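**Q** Okay, so here is upload-v3.cif, and as you'll see once you scroll down, it has mmCIF, C-alpha atoms and all ligand atoms.
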```
data_input
loop_
_atom_site.label_atom_id
_atom_site.label_comp_id
_atom_site.auth_asym_id
_atom_site.auth_seq_id
_atom_site.Cartn_x
_atom_site.Cartn_y
_atom_site.Cartn_z
CA MET W 1 -12.58 -8.16 28.28
CA SER W 2 -16.04 -7.18 27.12
CA GLN W 3 -15.28 -5.88 23.64
CA ASP W 4 -15.82 -7.95 20.50
CA ILE W 5 -12.61 -9.38 19.14
CA ARG W 6 -11.80 -9.66 15.43
CA ILE W 7 -8.81 -11.54 14.01
CA THR W 8 -7.69 -10.52 10.53
CA PRO W 9 -4.79 -12.67 9.32
CA SER W 10 -2.39 -10.95 6.94
CA ILE W 11 -1.37 -13.00 3.90
CA LEU W 12 1.84 -10.97 3.49
CA ASN W 13 3.89 -13.91 4.74
CA ALA W 14 1.73 -16.59 3.15
CA ASP W 15 2.72 -18.47 0.00
CA PHE W 16 1.82 -16.00 -2.79
CA SER W 17 2.06 -18.75 -5.40
CA ASN W 18 -0.90 -20.54 -3.84
CA LEU W 19 -2.97 -17.89 -2.12
CA ALA W 20 -6.32 -19.61 -2.54
CA ALA W 21 -5.05 -22.60 -0.56
CA GLU W 22 -3.45 -20.35 2.05
CA ILE W 23 -6.67 -18.38 2.52
CA SER W 24 -8.75 -21.55 2.75
CA LYS W 25 -6.63 -22.71 5.72
CA ILE W 26 -7.93 -19.88 7.90
CA ALA W 27 -11.18 -18.74 6.25
CA GLU W 28 -13.53 -20.52 8.63
CA VAL W 29 -12.03 -19.11 11.80
CA SER W 30 -11.14 -15.58 10.65
CA ASP W 31 -13.26 -12.44 10.48
CA PHE W 32 -11.46 -10.89 7.50
CA ILE W 33 -8.38 -11.45 5.38
CA HIS W 34 -5.96 -8.54 5.77
CA LEU W 35 -4.54 -7.63 2.36
CA ASP W 36 -1.36 -5.52 2.48
CA ILE W 37 -0.92 -3.31 -0.58
CA MET W 38 2.54 -1.75 -0.91
CA ASP W 39 3.72 0.43 -3.80
CA ASN W 40 7.49 0.63 -3.17
CA ILE W 41 7.07 4.41 -2.66
CA PHE W 42 5.22 4.90 0.62
CA VAL W 43 7.08 1.85 1.93
CA PRO W 44 10.23 0.16 0.56
CA ASN W 45 8.41 -2.99 -0.56
CA PHE W 46 5.92 -4.03 -3.23
CA THR W 47 3.11 -6.59 -3.01
CA PHE W 48 0.23 -6.46 -5.52
CA ASP W 49 -0.87 -4.08 -8.25
CA PHE W 50 -4.54 -3.13 -8.46
CA ASP W 51 -5.47 -5.88 -10.94
CA ALA W 52 -3.88 -8.64 -8.88
CA ALA W 53 -5.43 -7.27 -5.69
CA SER W 54 -8.85 -6.99 -7.34
CA SER W 55 -8.83 -10.64 -8.29
CA ILE W 56 -7.88 -11.66 -4.73
CA ILE W 57 -10.71 -9.49 -3.39
CA ALA W 58 -13.19 -10.94 -5.90
CA SER W 59 -12.30 -14.56 -5.23
CA SER W 60 -11.88 -14.50 -1.45
CA PRO W 61 -14.36 -16.65 0.49
CA ILE W 62 -14.35 -14.14 3.36
CA PRO W 63 -14.39 -10.32 3.44
CA ILE W 64 -11.19 -8.45 2.64
CA ASP W 65 -9.64 -5.81 4.89
CA SER W 66 -7.41 -3.85 2.48
CA HIS W 67 -4.48 -2.01 4.09
CA LEU W 68 -3.08 0.47 1.59
CA MET W 69 0.54 1.42 2.17
CA VAL W 70 0.70 3.57 -0.94
CA ALA W 71 1.50 7.21 -1.66
CA GLU W 72 -1.13 9.66 -2.95
CA VAL W 73 -3.76 7.26 -1.75
CA ASP W 74 -6.98 9.31 -2.00
CA GLN W 75 -8.37 8.05 -5.32
CA ILE W 76 -6.82 4.59 -5.04
CA ALA W 77 -8.56 4.03 -1.70
CA ILE W 78 -11.95 4.59 -3.29
CA GLN W 79 -11.04 2.19 -6.12
CA TYR W 80 -10.24 -0.52 -3.55
CA ALA W 81 -13.68 0.01 -2.04
CA GLU W 82 -15.31 -0.21 -5.48
CA ALA W 83 -13.35 -3.43 -6.11
CA GLY W 84 -15.29 -5.04 -3.25
CA SER W 85 -13.12 -4.65 -0.14
CA ALA W 86 -15.21 -4.88 3.01
CA SER W 87 -12.90 -2.36 4.67
CA VAL W 88 -10.31 0.02 3.25
CA THR W 89 -7.54 1.44 5.43
CA PHE W 90 -5.41 4.32 4.15
CA HIS W 91 -2.52 6.08 5.87
CA VAL W 92 -3.12 9.62 7.09
CA GLU W 93 0.49 10.37 6.10
CA ALA W 94 -0.35 9.57 2.45
CA ALA W 95 -3.73 11.31 2.12
CA LYS W 96 -4.49 14.86 1.02
CA ASP W 97 -8.19 14.81 1.92
CA ILE W 98 -8.81 12.42 4.81
CA ARG W 99 -12.46 13.31 5.27
CA GLY W 100 -13.31 13.18 1.56
CA THR W 101 -11.50 9.89 1.04
CA ALA W 102 -13.26 8.28 3.99
CA ARG W 103 -16.57 9.56 2.63
CA GLY W 104 -15.80 8.11 -0.82
CA ILE W 105 -14.92 4.70 0.66
CA ARG W 106 -18.19 4.60 2.57
CA ALA W 107 -20.15 5.72 -0.49
CA ALA W 108 -18.66 2.76 -2.37
CA GLY W 109 -20.00 0.43 0.32
CA ALA W 110 -16.92 -0.31 2.41
CA ARG W 111 -15.91 0.54 5.95
CA ALA W 112 -13.48 3.46 6.04
CA SER W 113 -10.36 3.29 8.18
CA ILE W 114 -7.32 5.48 8.84
CA ALA W 115 -3.85 4.14 9.70
CA LEU W 116 -1.06 5.83 11.63
CA LYS W 117 2.63 4.98 11.43
CA PRO W 118 4.39 4.57 14.80
CA GLY W 119 5.71 8.14 14.77
CA THR W 120 2.37 9.79 13.98
CA ASN W 121 0.41 11.28 16.88
CA ILE W 122 -3.25 10.25 17.10
CA LYS W 123 -4.12 13.51 18.87
CA ASP W 124 -3.39 15.37 15.63
CA TYR W 125 -6.10 13.30 13.91
CA ALA W 126 -8.76 13.19 16.64
CA ASP W 127 -11.04 15.44 14.60
CA TYR W 128 -11.27 12.83 11.84
CA LEU W 129 -12.61 10.04 14.05
CA ASP W 130 -16.21 10.98 13.39
CA GLY W 131 -15.84 10.09 9.72
CA VAL W 132 -14.27 6.64 10.08
CA ASP W 133 -15.23 3.09 11.09
CA MET W 134 -11.80 1.91 12.27
CA VAL W 135 -8.40 3.28 13.32
CA LEU W 136 -5.28 1.21 12.66
CA ILE W 137 -2.39 1.85 15.02
CA MET W 138 0.74 0.40 13.40
CA THR W 139 2.79 -1.45 16.01
CA VAL W 140 5.78 -1.78 13.65
CA GLU W 141 7.09 0.45 10.86
CA PRO W 142 4.98 -0.52 7.83
CA GLY W 143 6.65 -2.41 5.02
CA PHE W 144 7.53 -5.89 6.20
CA GLY W 145 6.13 -8.79 8.18
CA GLY W 146 7.99 -10.54 10.96
CA GLN W 147 9.13 -7.45 12.90
CA SER W 148 8.95 -7.02 16.68
CA PHE W 149 5.97 -5.32 18.31
CA ILE W 150 6.90 -1.79 19.46
CA GLU W 151 5.94 -1.77 23.16
CA ALA W 152 5.76 2.03 23.24
CA MET W 153 2.65 1.78 21.05
CA LEU W 154 0.63 0.43 24.00
CA GLU W 155 0.23 3.95 25.35
CA LYS W 156 -0.91 5.19 21.93
CA ILE W 157 -3.49 2.39 21.78
CA SER W 158 -4.86 3.48 25.18
CA ILE W 159 -4.96 7.12 24.13
CA THR W 160 -6.77 6.18 20.93
CA ARG W 161 -9.29 4.06 22.85
CA LYS W 162 -10.02 7.04 25.12
CA LEU W 163 -10.41 9.40 22.14
CA ILE W 164 -12.84 6.95 20.49
CA GLY W 165 -14.95 6.96 23.65
CA ASP W 166 -18.34 5.35 23.08
CA ARG W 167 -18.31 5.68 19.29
CA PRO W 168 -18.60 2.30 17.49
CA ILE W 169 -15.15 2.65 15.91
CA TRP W 170 -12.96 -0.46 15.77
CA LEU W 171 -9.35 -0.16 16.96
CA GLN W 172 -6.95 -2.33 14.97
CA VAL W 173 -3.30 -3.12 15.62
CA ASP W 174 -0.88 -4.45 13.00
CA GLY W 175 2.70 -5.62 13.41
CA GLY W 176 4.31 -8.13 15.72
CA ILE W 177 0.99 -9.48 17.02
CA SER W 178 1.52 -12.95 18.50
CA LEU W 179 0.48 -15.08 21.46
CA GLU W 180 3.10 -13.15 23.40
CA THR W 181 1.84 -9.62 22.58
CA ILE W 182 -1.88 -9.82 21.76
CA GLU W 183 -3.13 -9.75 25.33
CA ARG W 184 -1.29 -6.52 26.15
CA ALA W 185 -2.63 -4.87 22.99
CA ALA W 186 -6.17 -5.99 23.89
CA GLN W 187 -5.84 -4.73 27.46
CA ALA W 188 -4.72 -1.37 26.10
CA GLY W 189 -7.93 -1.22 24.07
CA ALA W 190 -7.40 -2.86 20.69
CA ASP W 191 -10.27 -5.04 19.43
CA THR W 192 -9.17 -5.95 15.89
CA PHE W 193 -5.88 -7.78 15.36
CA VAL W 194 -3.76 -8.33 12.29
CA ALA W 195 -1.40 -11.29 12.53
CA GLY W 196 0.82 -12.30 9.66
CA SER W 197 3.83 -14.41 10.54
CA ALA W 198 2.26 -15.65 13.80
CA VAL W 199 -0.48 -17.32 11.74
CA PHE W 200 1.20 -18.36 8.51
CA LYS W 201 4.49 -19.50 10.02
CA SER W 202 2.60 -21.68 12.47
CA ASP W 203 2.14 -25.42 11.83
CA ASP W 204 -1.61 -25.05 12.19
CA PRO W 205 -2.74 -21.57 11.02
CA ALA W 206 -6.41 -22.12 11.88
CA GLU W 207 -5.63 -23.26 15.40
CA MET W 208 -3.34 -20.24 15.84
CA VAL W 209 -6.18 -17.87 14.88
CA THR W 210 -8.35 -19.46 17.58
CA LEU W 211 -5.55 -19.30 20.16
CA LEU W 212 -4.96 -15.63 19.35
CA ARG W 213 -8.68 -14.89 19.69
CA ASN W 214 -8.85 -16.61 23.07
CA LYS W 215 -5.77 -14.76 24.34
CA ALA W 216 -7.18 -11.41 23.19
CA ARG W 217 -10.33 -12.22 25.16
CA GLY W 218 -8.18 -12.87 28.21
CA GLU W 219 -9.14 -16.59 28.25
C1 LIG P 1 3.39 -4.65 7.69
C2 LIG P 1 1.99 -5.10 7.35
C3 LIG P 1 1.48 -6.15 8.23
C4 LIG P 1 2.28 -7.43 8.26
C5 LIG P 1 2.23 -7.92 9.66
O1 LIG P 1 3.65 -3.44 7.14
O2 LIG P 1 1.10 -4.01 7.37
O3 LIG P 1 0.10 -6.41 7.98
O4 LIG P 1 1.80 -8.44 7.42
O5 LIG P 1 3.06 -9.01 9.78
P1 LIG P 1 3.48 -9.59 11.21
O6 LIG P 1 2.21 -10.01 11.87
O7 LIG P 1 4.38 -10.71 10.86
O8 LIG P 1 4.16 -8.49 11.96
ZN ZN P 2 -1.05 -4.51 7.29
#
```
Now, as a test, write the supplied structure out as structure tokens.
Ligand code: DX5
Ligand code: ZN

**A**
Amino acid sequence: MSQDIRITPSILNADFSNLAAEISKIAEVSDFIHLDIMDNIFVPNFTFDFDAASSIIASSPIPIDSHLMVAEVDQIAIQYAEAGSASVTFHVEAAKDIRGTARGIRAAGARASIALKPGTNIKDYADYLDGVDMVLIMTVEPGFGGQSFIEAMLEKISITRKLIGDRPIWLQVDGGISLETIERAAQAGADTFVAGSAVFKSDDPAEMVTLLRNKARGE
């Protein structure tokens, strides 16, 4: 596997009452922290409001990859970039102006990324690839950690990798990524991996990040 591999642990299943300690367990071995923002409208779950998220972003020792699972996301996405996220991912299903929102995120200094739910066809969004830095293919229905990887998404990952071609766009997968599934996702073309329960339910979260990285590299 020649592509660069990035591991972005999700703190969704970490201990919210002591996030600083949870983040410090994996900071040295992770590329980003993946911060799941849910509004109880776009998905049937709630995590952090903007103020709480902003303070996590401001205090994190490593860059934050914000994944916004919120309705009417256009303006909010730009606010998450202004709050200091290194990367902001918004769902195409929740955006009115995909191009303009991606442009606003970049103008605020963050990487811009679009996410697709399992039922959304990447071919319908191929024209937007030129304006983004990453595509997130959801490999579970968004809303909860600890679900099983949807194997049928492997084909969508391959199709997305082909559509990206030689553009320097990262291809992220999120949902059910574990030592058992990460290699298949990497072989299909993913290079950026969210892992929530695999990391934070493990006895040694930092070691798990390293094991996941090695597996994704085919080592
Ligand atoms: C789910 C979130 C994920 C979640 C992944 O909607 O977007 O980031 O934390 O959790 P696992 O890795 O347990 O599937
Ligand atoms: Zn996520």

**Q** Please, which residues have at least one atom within 7 Å of an atom of ligand ZN 2 (chain P), using all atoms listed in the file, listed as a PyMOL selection string?

**A** chain W and resi 10+34-36+67+174+194

**Q** Kindly compile the residues surrounding ligand LIG 1 (chain P) within 10 Å, counting only C-alpha atoms and all ligand atoms, and format them as a VMD selection string.

**A** chain W and resid 8 to 14 34 to 38 43 to 45 66 to 69 115 117 136 138 to 149 173 to 178 193 to 201

**Q** Have a look at atom CA of Glu155 of chain W and atom CA of Tyr125 of chain W and let me know their distance in Å, one decimal.

**A**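 It comes out at 16.1 Å.
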
**Q** Name the residues in contact with segment 209-216 of chain W at a cut-off of 6 Å, using all atoms listed in the file, excluding same-chain residues fewer than 5 positions from it; report them as a PyMOL selection string.

**A** chain W and resi 179+182-183+186

**Q** Counting all atoms listed in the file, which residue out of W:Asp51, W:Asp15, W:Asp191, W:Glu82 sits closest to Gly218 of chain W?

**A**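 For Gly218 of chain W, the nearest of the candidates is W:Asp191.
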
**Q** Please report the interatomic distance between atom CA of Arg6 of chain W and atom CA of Pro63 of chain W in Å with one decimal.

**A**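 Taking atom CA of Arg6 of chain W as the start and atom CA of Pro63 of chain W as the end point, the length is 12.3 Å.
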
**Q** Quick one, how far is atom CA of Ala53 of chain W from atom CA of Ile169 of chain W?

**A**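 Calculated distance between atom CA of Ala53 of chain W and atom CA of Ile169 of chain W is 25.7 Å.
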